[in-house]
Amino acid sequence: MAPDRARRVLVVEDEESLAESIRYNLERDGYSVEVAFDGRDALRQARTTPPDLVLLDLMLPEMAGLDVCRALRSSSSVPIIIVTAKDAEADIVAGLEVGADDYVTKPFSMRELIARVSANLRRVDMAVPADGRGDEILEGGRVRLDVSRHEATVGGQAVDFRPKEYDLLATFLRRPGRLLTRDYLIEEVWGPGYYGDMKTLDVHIRRIRNKIEEDPHRPVHLVTVRGLGYKYVNG
Ligand code: CA
């Protein structure tokens with residue numbers, strides 16, 4: 001499903017030496033790379049030559065990275081990986097909330113960065129079913145969901161999930177290994193107009209754990225990321 005042409009990555013990074021190092025490493029892996037040193041330039045480049053993925057440093061001169069992220073997302077579903085300082089949890093959450101798909105923290109290794117780029121592009125490829133009929137099979141660890149039939153198995157055994165549990169689990173399986181914030185999950189599963197008790201989410205997480213984890217009190221698949229949200233680990 002990968003296109004014939006090289007994948008285009010737009011690197012938005014004001015530190016010139018870092019930007020060039022990222023360019024060198026991505027190009028060596030067969031990507032085509034454009035560099036923007038500030039947010040305005042990034043938006044201009046994204047408009048004229050739409051990238052397949054954007055790597056966006058949040059600490060930029062002139063236009064804040066979060067605003068760039070929001071602006072990109074308002075017109076495109078391109079995967080966006082934000083780059084933040086280590087331990088900048090508030091930035092990570094804010095970035096994910098304005099539409100970033102993933103994040104890496106500085107300092108990162110080039111190997112890690114390229115793995116993230118490739119994983120995010122792979123997810124986009126997988127989102128379009130090869131036969132075009134919309135059949136969607138989601139698998140992760142012991143869990144397998146046949147979304148078009150609304151069926152589920154855990155370790156090969158049929159398991160019954162309530163509708164919201166099913167939707168929540170599917171949301172996790174579509175984004176394995178990725179931190180999903182509480183707000184994101186609620187909006188995805190309950191919709192943007194949901195003003196109910198936030199504990200609803202925790203209750204559903206607990207019910208899912210009871211059905212998929214060998215030891216629900218020590219989850220290894222559906223794990224809590226303290227203070228941020230949850231993520232699904234295939235394991
Ligand atoms: Ca910077």
# chains A, B, ... in the order shown; residues from 1 in each chain; ligands from 1

call {"tool": "residues_near_ligand", "arguments": {"ligand": "ligand 1", "cutoff": "12 Å", "atoms": "only C-alpha atoms and all ligand atoms", "output": "PDB file with all heavy atoms, in the first residue's frame"}}
result
ATOM      1  N   VAL A  11      10.084  18.416   8.631  1.00  0.00           N
ATOM      2  CA  VAL A  11      10.736  18.555   9.934  1.00  0.00           C
ATOM      3  C   VAL A  11      10.679  20.033  10.335  1.00  0.00           C
ATOM      4  O   VAL A  11      11.236  20.884   9.646  1.00  0.00           O
ATOM      5  CB  VAL A  11      12.201  18.079   9.872  1.00  0.00           C
ATOM      6  CG1 VAL A  11      12.912  18.317  11.205  1.00  0.00           C
ATOM      7  CG2 VAL A  11      12.263  16.600   9.494  1.00  0.00           C
ATOM      8  N   VAL A  12       9.965  20.318  11.437  1.00  0.00           N
ATOM      9  CA  VAL A  12       9.847  21.696  11.905  1.00  0.00           C
ATOM     10  C   VAL A  12      10.711  21.829  13.150  1.00  0.00           C
ATOM     11  O   VAL A  12      10.374  21.301  14.210  1.00  0.00           O
ATOM     12  CB  VAL A  12       8.384  22.063  12.224  1.00  0.00           C
ATOM     13  CG1 VAL A  12       8.265  23.564  12.478  1.00  0.00           C
ATOM     14  CG2 VAL A  12       7.455  21.618  11.113  1.00  0.00           C
ATOM     15  N   GLU A  13      11.854  22.464  12.997  1.00  0.00           N
ATOM     16  CA  GLU A  13      12.850  22.504  14.078  1.00  0.00           C
ATOM     17  C   GLU A  13      13.742  23.717  13.863  1.00  0.00           C
ATOM     18  O   GLU A  13      14.319  23.864  12.794  1.00  0.00           O
ATOM     19  CB  GLU A  13      13.659  21.193  14.036  1.00  0.00           C
ATOM     20  CG  GLU A  13      14.882  21.164  14.918  1.00  0.00           C
ATOM     21  CD  GLU A  13      14.531  21.318  16.387  1.00  0.00           C
ATOM     22  OE1 GLU A  13      13.929  20.407  16.954  1.00  0.00           O
ATOM     23  OE2 GLU A  13      14.854  22.384  16.950  1.00  0.00           O
ATOM     24  N   ASP A  14      13.819  24.581  14.872  1.00  0.00           N
ATOM     25  CA  ASP A  14      14.605  25.801  14.697  1.00  0.00           C
ATOM     26  C   ASP A  14      16.087  25.618  14.995  1.00  0.00           C
ATOM     27  O   ASP A  14      16.893  26.459  14.645  1.00  0.00           O
ATOM     28  CB  ASP A  14      14.034  26.930  15.568  1.00  0.00           C
ATOM     29  CG  ASP A  14      14.034  26.578  17.035  1.00  0.00           C
ATOM     30  OD1 ASP A  14      13.535  25.478  17.371  1.00  0.00           O
ATOM     31  OD2 ASP A  14      14.528  27.367  17.853  1.00  0.00           O
ATOM     32  N   GLU A  15      16.444  24.513  15.655  1.00  0.00           N
ATOM     33  CA  GLU A  15      17.874  24.261  15.893  1.00  0.00           C
ATOM     34  C   GLU A  15      18.442  23.655  14.620  1.00  0.00           C
ATOM     35  O   GLU A  15      18.196  22.484  14.303  1.00  0.00           O
ATOM     36  CB  GLU A  15      18.051  23.251  17.028  1.00  0.00           C
ATOM     37  CG  GLU A  15      18.078  23.846  18.408  1.00  0.00           C
ATOM     38  CD  GLU A  15      18.098  22.738  19.440  1.00  0.00           C
ATOM     39  OE1 GLU A  15      19.091  21.979  19.487  1.00  0.00           O
ATOM     40  OE2 GLU A  15      17.109  22.602  20.171  1.00  0.00           O
ATOM     41  N   GLU A  16      19.225  24.460  13.916  1.00  0.00           N
ATOM     42  CA  GLU A  16      19.658  24.071  12.583  1.00  0.00           C
ATOM     43  C   GLU A  16      20.450  22.762  12.563  1.00  0.00           C
ATOM     44  O   GLU A  16      20.234  21.909  11.712  1.00  0.00           O
ATOM     45  CB  GLU A  16      20.503  25.195  11.980  1.00  0.00           C
ATOM     46  CG  GLU A  16      20.325  25.300  10.488  1.00  0.00           C
ATOM     47  CD  GLU A  16      20.788  26.653   9.956  1.00  0.00           C
ATOM     48  OE1 GLU A  16      20.473  27.699  10.565  1.00  0.00           O
ATOM     49  OE2 GLU A  16      21.500  26.642   8.936  1.00  0.00           O
ATOM     50  N   SER A  17      21.352  22.600  13.531  1.00  0.00           N
ATOM     51  CA  SER A  17      22.193  21.395  13.497  1.00  0.00           C
ATOM     52  C   SER A  17      21.361  20.148  13.770  1.00  0.00           C
ATOM     53  O   SER A  17      21.567  19.098  13.151  1.00  0.00           O
ATOM     54  CB  SER A  17      23.330  21.517  14.511  1.00  0.00           C
ATOM     55  OG  SER A  17      22.791  21.682  15.805  1.00  0.00           O
ATOM     56  N   LEU A  18      20.381  20.278  14.668  1.00  0.00           N
ATOM     57  CA  LEU A  18      19.510  19.132  14.946  1.00  0.00           C
ATOM     58  C   LEU A  18      18.650  18.820  13.723  1.00  0.00           C
ATOM     59  O   LEU A  18      18.490  17.661  13.332  1.00  0.00           O
ATOM     60  CB  LEU A  18      18.630  19.421  16.172  1.00  0.00           C
ATOM     61  CG  LEU A  18      17.654  18.307  16.552  1.00  0.00           C
ATOM     62  CD1 LEU A  18      18.381  16.988  16.823  1.00  0.00           C
ATOM     63  CD2 LEU A  18      16.822  18.709  17.775  1.00  0.00           C
ATOM     64  N   ALA A  19      18.109  19.881  13.104  1.00  0.00           N
ATOM     65  CA  ALA A  19      17.272  19.684  11.918  1.00  0.00           C
ATOM     66  C   ALA A  19      18.059  18.968  10.827  1.00  0.00           C
ATOM     67  O   ALA A  19      17.550  18.043  10.182  1.00  0.00           O
ATOM     68  CB  ALA A  19      16.766  21.032  11.407  1.00  0.00           C
ATOM     69  N   ALA A  36      11.581  23.110   7.977  1.00  0.00           N
ATOM     70  CA  ALA A  36      11.098  24.466   8.224  1.00  0.00           C
ATOM     71  C   ALA A  36      11.675  24.901   9.559  1.00  0.00           C
ATOM     72  O   ALA A  36      11.638  24.137  10.533  1.00  0.00           O
ATOM     73  CB  ALA A  36       9.574  24.488   8.262  1.00  0.00           C
ATOM     74  N   PHE A  37      12.212  26.135   9.612  1.00  0.00           N
ATOM     75  CA  PHE A  37      12.851  26.587  10.850  1.00  0.00           C
ATOM     76  C   PHE A  37      11.904  27.355  11.757  1.00  0.00           C
ATOM     77  O   PHE A  37      12.241  27.681  12.880  1.00  0.00           O
ATOM     78  CB  PHE A  37      14.089  27.431  10.533  1.00  0.00           C
ATOM     79  CG  PHE A  37      15.163  26.647   9.829  1.00  0.00           C
ATOM     80  CD1 PHE A  37      15.482  26.899   8.505  1.00  0.00           C
ATOM     81  CD2 PHE A  37      15.832  25.620  10.493  1.00  0.00           C
ATOM     82  CE1 PHE A  37      16.462  26.166   7.847  1.00  0.00           C
ATOM     83  CE2 PHE A  37      16.808  24.878   9.849  1.00  0.00           C
ATOM     84  CZ  PHE A  37      17.122  25.149   8.523  1.00  0.00           C
ATOM     85  N   ASP A  38      10.724  27.691  11.246  1.00  0.00           N
ATOM     86  CA  ASP A  38       9.733  28.312  12.132  1.00  0.00           C
ATOM     87  C   ASP A  38       8.322  27.903  11.695  1.00  0.00           C
ATOM     88  O   ASP A  38       8.133  27.281  10.642  1.00  0.00           O
ATOM     89  CB  ASP A  38       9.890  29.841  12.154  1.00  0.00           C
ATOM     90  CG  ASP A  38       9.588  30.476  10.813  1.00  0.00           C
ATOM     91  OD1 ASP A  38       8.425  30.389  10.365  1.00  0.00           O
ATOM     92  OD2 ASP A  38      10.519  31.033  10.189  1.00  0.00           O
ATOM     93  N   GLY A  39       7.347  28.259  12.547  1.00  0.00           N
ATOM     94  CA  GLY A  39       5.983  27.791  12.353  1.00  0.00           C
ATOM     95  C   GLY A  39       5.322  28.293  11.077  1.00  0.00           C
ATOM     96  O   GLY A  39       4.634  27.546  10.383  1.00  0.00           O
ATOM     97  N   LEU A  55       7.047  16.266  11.744  1.00  0.00           N
ATOM     98  CA  LEU A  55       7.773  16.168  12.995  1.00  0.00           C
ATOM     99  C   LEU A  55       7.900  17.589  13.522  1.00  0.00           C
ATOM    100  O   LEU A  55       8.555  18.421  12.901  1.00  0.00           O
ATOM    101  CB  LEU A  55       9.152  15.578  12.700  1.00  0.00           C
ATOM    102  CG  LEU A  55       9.955  15.047  13.856  1.00  0.00           C
ATOM    103  CD1 LEU A  55       9.248  13.878  14.514  1.00  0.00           C
ATOM    104  CD2 LEU A  55      11.317  14.596  13.347  1.00  0.00           C
ATOM    105  N   LEU A  56       7.225  17.872  14.630  1.00  0.00           N
ATOM    106  CA  LEU A  56       7.044  19.263  15.036  1.00  0.00           C
ATOM    107  C   LEU A  56       7.622  19.545  16.418  1.00  0.00           C
ATOM    108  O   LEU A  56       7.105  19.063  17.429  1.00  0.00           O
ATOM    109  CB  LEU A  56       5.538  19.573  15.026  1.00  0.00           C
ATOM    110  CG  LEU A  56       5.079  20.910  15.572  1.00  0.00           C
ATOM    111  CD1 LEU A  56       5.599  22.063  14.725  1.00  0.00           C
ATOM    112  CD2 LEU A  56       3.547  20.954  15.635  1.00  0.00           C
ATOM    113  N   ASP A  57       8.692  20.325  16.446  1.00  0.00           N
ATOM    114  CA  ASP A  57       9.239  20.789  17.719  1.00  0.00           C
ATOM    115  C   ASP A  57       8.254  21.804  18.300  1.00  0.00           C
ATOM    116  O   ASP A  57       7.753  22.666  17.590  1.00  0.00           O
ATOM    117  CB  ASP A  57      10.603  21.448  17.463  1.00  0.00           C
ATOM    118  CG  ASP A  57      11.268  21.903  18.747  1.00  0.00           C
ATOM    119  OD1 ASP A  57      11.004  21.300  19.804  1.00  0.00           O
ATOM    120  OD2 ASP A  57      12.055  22.863  18.696  1.00  0.00           O
ATOM    121  N   LEU A  58       7.957  21.696  19.597  1.00  0.00           N
ATOM    122  CA  LEU A  58       6.977  22.629  20.182  1.00  0.00           C
ATOM    123  C   LEU A  58       7.605  23.970  20.554  1.00  0.00           C
ATOM    124  O   LEU A  58       6.924  24.978  20.651  1.00  0.00           O
ATOM    125  CB  LEU A  58       6.301  22.013  21.409  1.00  0.00           C
ATOM    126  CG  LEU A  58       5.245  20.940  21.139  1.00  0.00           C
ATOM    127  CD1 LEU A  58       4.507  20.580  22.418  1.00  0.00           C
ATOM    128  CD2 LEU A  58       4.257  21.347  20.053  1.00  0.00           C
ATOM    129  N   MET A  59       8.918  23.970  20.793  1.00  0.00           N
ATOM    130  CA  MET A  59       9.592  25.215  21.178  1.00  0.00           C
ATOM    131  C   MET A  59      10.138  25.902  19.941  1.00  0.00           C
ATOM    132  O   MET A  59      11.249  25.635  19.505  1.00  0.00           O
ATOM    133  CB  MET A  59      10.737  24.915  22.150  1.00  0.00           C
ATOM    134  CG  MET A  59      10.260  24.379  23.481  1.00  0.00           C
ATOM    135  SD  MET A  59       9.502  25.670  24.488  1.00  0.00           S
ATOM    136  CE  MET A  59      10.974  26.479  25.095  1.00  0.00           C
ATOM    137  N   LEU A  60       9.317  26.784  19.363  1.00  0.00           N
ATOM    138  CA  LEU A  60       9.686  27.445  18.116  1.00  0.00           C
ATOM    139  C   LEU A  60       9.629  28.957  18.289  1.00  0.00           C
ATOM    140  O   LEU A  60       8.845  29.458  19.086  1.00  0.00           O
ATOM    141  CB  LEU A  60       8.698  27.062  17.014  1.00  0.00           C
ATOM    142  CG  LEU A  60       8.724  25.630  16.509  1.00  0.00           C
ATOM    143  CD1 LEU A  60       7.527  25.380  15.613  1.00  0.00           C
ATOM    144  CD2 LEU A  60      10.015  25.326  15.773  1.00  0.00           C
ATOM    145  N   PRO A  61      10.433  29.678  17.499  1.00  0.00           N
ATOM    146  CA  PRO A  61      10.333  31.141  17.551  1.00  0.00           C
ATOM    147  C   PRO A  61       9.094  31.610  16.787  1.00  0.00           C
ATOM    148  O   PRO A  61       8.595  30.892  15.926  1.00  0.00           O
ATOM    149  CB  PRO A  61      11.603  31.599  16.846  1.00  0.00           C
ATOM    150  CG  PRO A  61      11.946  30.491  15.915  1.00  0.00           C
ATOM    151  CD  PRO A  61      11.453  29.225  16.558  1.00  0.00           C
ATOM    152  N   GLU A  62       8.613  32.778  17.091  1.00  0.00           N
ATOM    153  CA  GLU A  62       7.518  33.450  16.374  1.00  0.00           C
ATOM    154  C   GLU A  62       6.150  32.832  16.585  1.00  0.00           C
ATOM    155  O   GLU A  62       5.253  33.471  17.101  1.00  0.00           O
ATOM    156  CB  GLU A  62       7.822  33.565  14.877  1.00  0.00           C
ATOM    157  CG  GLU A  62       9.039  34.439  14.611  1.00  0.00           C
ATOM    158  CD  GLU A  62       9.192  34.775  13.152  1.00  0.00           C
ATOM    159  OE1 GLU A  62       8.190  35.103  12.517  1.00  0.00           O
ATOM    160  OE2 GLU A  62      10.337  34.690  12.676  1.00  0.00           O
ATOM    161  N   MET A  63       5.969  31.593  16.184  1.00  0.00           N
ATOM    162  CA  MET A  63       4.652  30.982  16.310  1.00  0.00           C
ATOM    163  C   MET A  63       4.810  29.718  17.141  1.00  0.00           C
ATOM    164  O   MET A  63       5.631  28.866  16.835  1.00  0.00           O
ATOM    165  CB  MET A  63       4.135  30.648  14.909  1.00  0.00           C
ATOM    166  CG  MET A  63       2.716  30.154  14.881  1.00  0.00           C
ATOM    167  SD  MET A  63       2.193  29.947  13.160  1.00  0.00           S
ATOM    168  CE  MET A  63       0.526  29.374  13.416  1.00  0.00           C
ATOM    169  N   ALA A  64       4.037  29.599  18.222  1.00  0.00           N
ATOM    170  CA  ALA A  64       4.194  28.466  19.123  1.00  0.00           C
ATOM    171  C   ALA A  64       3.848  27.159  18.411  1.00  0.00           C
ATOM    172  O   ALA A  64       2.961  27.116  17.557  1.00  0.00           O
ATOM    173  CB  ALA A  64       3.294  28.649  20.336  1.00  0.00           C
ATOM    174  N   GLY A  65       4.600  26.125  18.763  1.00  0.00           N
ATOM    175  CA  GLY A  65       4.398  24.814  18.151  1.00  0.00           C
ATOM    176  C   GLY A  65       2.958  24.321  18.275  1.00  0.00           C
ATOM    177  O   GLY A  65       2.420  23.713  17.349  1.00  0.00           O
ATOM    178  N   ILE A  82       4.921  15.353  17.857  1.00  0.00           N
ATOM    179  CA  ILE A  82       5.491  16.532  18.490  1.00  0.00           C
ATOM    180  C   ILE A  82       6.776  16.164  19.231  1.00  0.00           C
ATOM    181  O   ILE A  82       6.937  15.043  19.710  1.00  0.00           O
ATOM    182  CB  ILE A  82       4.497  17.219  19.461  1.00  0.00           C
ATOM    183  CG1 ILE A  82       3.928  16.226  20.453  1.00  0.00           C
ATOM    184  CG2 ILE A  82       3.392  17.930  18.694  1.00  0.00           C
ATOM    185  CD1 ILE A  82       3.102  16.865  21.555  1.00  0.00           C
ATOM    186  N   VAL A  83       7.679  17.133  19.285  1.00  0.00           N
ATOM    187  CA  VAL A  83       8.954  16.956  19.972  1.00  0.00           C
ATOM    188  C   VAL A  83       8.964  17.939  21.142  1.00  0.00           C
ATOM    189  O   VAL A  83       8.754  19.136  20.962  1.00  0.00           O
ATOM    190  CB  VAL A  83      10.130  17.253  19.027  1.00  0.00           C
ATOM    191  CG1 VAL A  83      11.458  17.073  19.744  1.00  0.00           C
ATOM    192  CG2 VAL A  83      10.056  16.366  17.789  1.00  0.00           C
ATOM    193  N   THR A  84       9.141  17.421  22.353  1.00  0.00           N
ATOM    194  CA  THR A  84       9.101  18.276  23.540  1.00  0.00           C
ATOM    195  C   THR A  84      10.327  18.005  24.408  1.00  0.00           C
ATOM    196  O   THR A  84      11.035  17.034  24.200  1.00  0.00           O
ATOM    197  CB  THR A  84       7.870  18.002  24.417  1.00  0.00           C
ATOM    198  OG1 THR A  84       8.035  16.714  25.026  1.00  0.00           O
ATOM    199  CG2 THR A  84       6.589  18.015  23.610  1.00  0.00           C
ATOM    200  N   ALA A  85      10.509  18.893  25.370  1.00  0.00           N
ATOM    201  CA  ALA A  85      11.546  18.645  26.366  1.00  0.00           C
ATOM    202  C   ALA A  85      11.105  17.474  27.245  1.00  0.00           C
ATOM    203  O   ALA A  85       9.917  17.200  27.374  1.00  0.00           O
ATOM    204  CB  ALA A  85      11.738  19.883  27.228  1.00  0.00           C
ATOM    205  N   THR A 105      10.444  12.812  23.248  1.00  0.00           N
ATOM    206  CA  THR A 105      11.034  13.825  24.129  1.00  0.00           C
ATOM    207  C   THR A 105      12.516  13.939  23.837  1.00  0.00           C
ATOM    208  O   THR A 105      13.187  12.966  23.507  1.00  0.00           O
ATOM    209  CB  THR A 105      10.819  13.470  25.615  1.00  0.00           C
ATOM    210  OG1 THR A 105      11.321  12.153  25.852  1.00  0.00           O
ATOM    211  CG2 THR A 105       9.345  13.513  25.984  1.00  0.00           C
ATOM    212  N   LYS A 106      13.003  15.180  23.950  1.00  0.00           N
ATOM    213  CA  LYS A 106      14.433  15.447  23.780  1.00  0.00           C
ATOM    214  C   LYS A 106      15.153  15.120  25.076  1.00  0.00           C
ATOM    215  O   LYS A 106      14.609  15.422  26.134  1.00  0.00           O
ATOM    216  CB  LYS A 106      14.656  16.920  23.447  1.00  0.00           C
ATOM    217  CG  LYS A 106      14.305  17.311  22.034  1.00  0.00           C
ATOM    218  CD  LYS A 106      14.615  18.788  21.822  1.00  0.00           C
ATOM    219  CE  LYS A 106      14.316  19.197  20.390  1.00  0.00           C
ATOM    220  NZ  LYS A 106      14.569  20.620  20.150  1.00  0.00           N
ATOM    221  N   PRO A 107      16.348  14.572  25.054  1.00  0.00           N
ATOM    222  CA  PRO A 107      17.050  14.119  23.848  1.00  0.00           C
ATOM    223  C   PRO A 107      16.541  12.751  23.400  1.00  0.00           C
ATOM    224  O   PRO A 107      16.223  11.916  24.234  1.00  0.00           O
ATOM    225  CB  PRO A 107      18.495  14.025  24.331  1.00  0.00           C
ATOM    226  CG  PRO A 107      18.390  13.721  25.798  1.00  0.00           C
ATOM    227  CD  PRO A 107      17.111  14.352  26.270  1.00  0.00           C
TER     228      PRO A 107
END

call {"tool": "select_by_dssp", "arguments": {"residues": "range 10-234 of chain A", "states": "helix (DSSP H, G or I)", "output": "ChimeraX atom specification"}}
result
/A:16-28,39-48,65-75,89-97,110-127,163-174,182-190,199-212

call {"tool": "closest_residue", "arguments": {"among": "A:Ile212, A:Val154, A:Leu201, A:Leu113", "to": "Tyr230 in chain A", "atoms": "only C-alpha atoms"}}
result
A:Leu201

call {"tool": "residues_around", "arguments": {"residues": "Gly99 in chain A", "least_positions_apart": "3", "cutoff": "8 Å", "atoms": "only C-alpha atoms", "output": "ChimeraX atom specification"}}
result
/A:69-70,73,80,95-96

call {"tool": "select_by_dssp", "arguments": {"residues": "range 20-118 of chain A", "states": "strand (DSSP E)", "output": "ChimeraX atom specification"}}
result
/A:32-36,53-57,80-85,102-106

call {"tool": "closest_residue", "arguments": {"among": "A:Val147, A:Val68, A:Met110, A:Val233", "to": "Arg28 in chain A", "atoms": "only C-alpha atoms"}}
result
A:Met110

call {"tool": "atom_distance", "arguments": {"atom1": "CA of Leu228 in chain A", "atom2": "CA of Thr181 in chain A"}}
result
5.7 Å

call {"tool": "residues_around", "arguments": {"residues": "Leu168 in chain A", "least_positions_apart": "2", "cutoff": "12 Å", "atoms": "only C-alpha atoms", "output": "PyMOL selection string"}}
result
chain A and resi 145+161-166+170-175+180+182+184-191+200-209+222+230-232

call {"tool": "residues_around", "arguments": {"residues": "Arg123 in chain A", "least_positions_apart": "5", "cutoff": "12 Å", "atoms": "only C-alpha atoms", "output": "PyMOL selection string"}}
result
chain A and resi 1-2+52-53+78-79+101-102+116-118+128-129+138+173-178

call {"tool": "closest_residue", "arguments": {"among": "A:Leu121, A:Ser21, A:Arg111, A:Tyr103", "to": "Val9 in chain A", "atoms": "only C-alpha atoms"}}
result
A:Leu121

call {"tool": "residues_around", "arguments": {"residues": "Val220 in chain A", "least_positions_apart": "2", "cutoff": "9 Å", "atoms": "only C-alpha atoms", "output": "ChimeraX atom specification"}}
result
/A:213-216,218,222-223,232-235

call {"tool": "write_last_selection", "arguments": {"atoms": "all heavy atoms", "output": "short mmCIF file (atom, residue, chain, number, x, y, z; two decimals), in the first residue's frame"}}
result
data_model
loop_
_atom_site.label_atom_id
_atom_site.label_comp_id
_atom_site.auth_asym_id
_atom_site.auth_seq_id
_atom_site.Cartn_x
_atom_site.Cartn_y
_atom_site.Cartn_z
N GLU A 213 -7.36 -8.97 30.95
CA GLU A 213 -6.09 -9.14 31.67
C GLU A 213 -6.11 -10.46 32.45
O GLU A 213 -7.13 -10.83 33.02
CB GLU A 213 -5.87 -7.99 32.66
CG GLU A 213 -5.76 -6.61 32.01
CD GLU A 213 -4.41 -6.35 31.37
OE1 GLU A 213 -3.49 -7.20 31.51
OE2 GLU A 213 -4.28 -5.29 30.71
N GLU A 214 -4.96 -11.13 32.50
CA GLU A 214 -4.88 -12.34 33.31
C GLU A 214 -5.02 -11.98 34.78
O GLU A 214 -5.68 -12.68 35.54
CB GLU A 214 -3.56 -13.07 33.04
CG GLU A 214 -3.44 -13.37 31.54
CD GLU A 214 -2.67 -14.64 31.25
OE1 GLU A 214 -2.87 -15.64 31.95
OE2 GLU A 214 -1.86 -14.60 30.31
N ASP A 215 -4.37 -10.89 35.18
CA ASP A 215 -4.54 -10.38 36.54
C ASP A 215 -4.99 -8.92 36.43
O ASP A 215 -4.17 -8.03 36.25
CB ASP A 215 -3.22 -10.49 37.31
CG ASP A 215 -3.35 -9.96 38.75
OD1 ASP A 215 -4.44 -9.43 39.09
OD2 ASP A 215 -2.38 -10.08 39.51
N PRO A 216 -6.31 -8.67 36.53
CA PRO A 216 -6.83 -7.31 36.32
C PRO A 216 -6.24 -6.28 37.28
O PRO A 216 -6.24 -5.08 36.98
CB PRO A 216 -8.33 -7.47 36.56
CG PRO A 216 -8.61 -8.92 36.36
CD PRO A 216 -7.38 -9.64 36.80
N ARG A 218 -3.11 -6.23 38.12
CA ARG A 218 -1.76 -5.92 37.61
C ARG A 218 -1.81 -5.97 36.10
O ARG A 218 -1.27 -6.89 35.47
CB ARG A 218 -0.75 -6.94 38.12
CG ARG A 218 -0.48 -6.77 39.58
CD ARG A 218 0.59 -7.73 40.00
NE ARG A 218 0.72 -7.78 41.44
CZ ARG A 218 1.43 -8.66 42.08
NH1 ARG A 218 2.09 -9.58 41.42
NH2 ARG A 218 1.51 -8.62 43.39
N LEU A 222 -3.62 -3.12 29.20
CA LEU A 222 -4.26 -1.81 29.30
C LEU A 222 -3.70 -1.11 30.53
O LEU A 222 -4.19 -1.26 31.64
CB LEU A 222 -5.78 -2.00 29.41
CG LEU A 222 -6.67 -0.77 29.30
CD1 LEU A 222 -6.19 0.17 28.22
CD2 LEU A 222 -8.09 -1.20 29.00
N VAL A 223 -2.63 -0.35 30.33
CA VAL A 223 -1.88 0.18 31.47
C VAL A 223 -2.14 1.68 31.67
O VAL A 223 -2.44 2.41 30.73
CB VAL A 223 -0.35 -0.07 31.34
CG1 VAL A 223 -0.06 -1.57 31.25
CG2 VAL A 223 0.23 0.64 30.13
N TYR A 232 -2.30 1.09 25.44
CA TYR A 232 -2.45 -0.34 25.22
C TYR A 232 -1.12 -0.93 24.76
O TYR A 232 -0.53 -0.49 23.77
CB TYR A 232 -3.52 -0.62 24.15
CG TYR A 232 -3.88 -2.08 24.11
CD1 TYR A 232 -4.91 -2.57 24.90
CD2 TYR A 232 -3.18 -2.97 23.32
CE1 TYR A 232 -5.23 -3.91 24.91
CE2 TYR A 232 -3.48 -4.32 23.31
CZ TYR A 232 -4.52 -4.79 24.11
OH TYR A 232 -4.82 -6.12 24.11
N VAL A 233 -0.65 -1.93 25.51
CA VAL A 233 0.62 -2.57 25.19
C VAL A 233 0.31 -3.96 24.67
O VAL A 233 -0.35 -4.76 25.34
CB VAL A 233 1.50 -2.66 26.46
CG1 VAL A 233 2.83 -3.31 26.14
CG2 VAL A 233 1.71 -1.28 27.06
N ASN A 234 0.77 -4.27 23.45
CA ASN A 234 0.46 -5.57 22.86
C ASN A 234 1.08 -6.72 23.66
O ASN A 234 0.48 -7.76 23.82
CB ASN A 234 0.96 -5.64 21.43
CG ASN A 234 0.04 -4.88 20.49
OD1 ASN A 234 -1.13 -4.65 20.83
ND2 ASN A 234 0.53 -4.51 19.33
N GLY A 235 2.31 -6.50 24.16
CA GLY A 235 2.98 -7.46 25.02
C GLY A 235 3.29 -8.79 24.37
O GLY A 235 2.49 -9.50 23.90
#

call {"tool": "atom_distance", "arguments": {"atom1": "CA of Ile114 in chain A", "atom2": "CA of Ala100 in chain A"}}
result
17.0 Å

call {"tool": "residues_around", "arguments": {"residues": "Asp183 in chain A", "least_positions_apart": "5", "cutoff": "9 Å", "atoms": "only C-alpha atoms", "output": "PyMOL selection string"}}
result
chain A and resi 97+188+198+229

call {"tool": "atom_distance", "arguments": {"atom1": "CA of Gln45 in chain A", "atom2": "CA of Ser32 in chain A"}}
result
13.6 Å
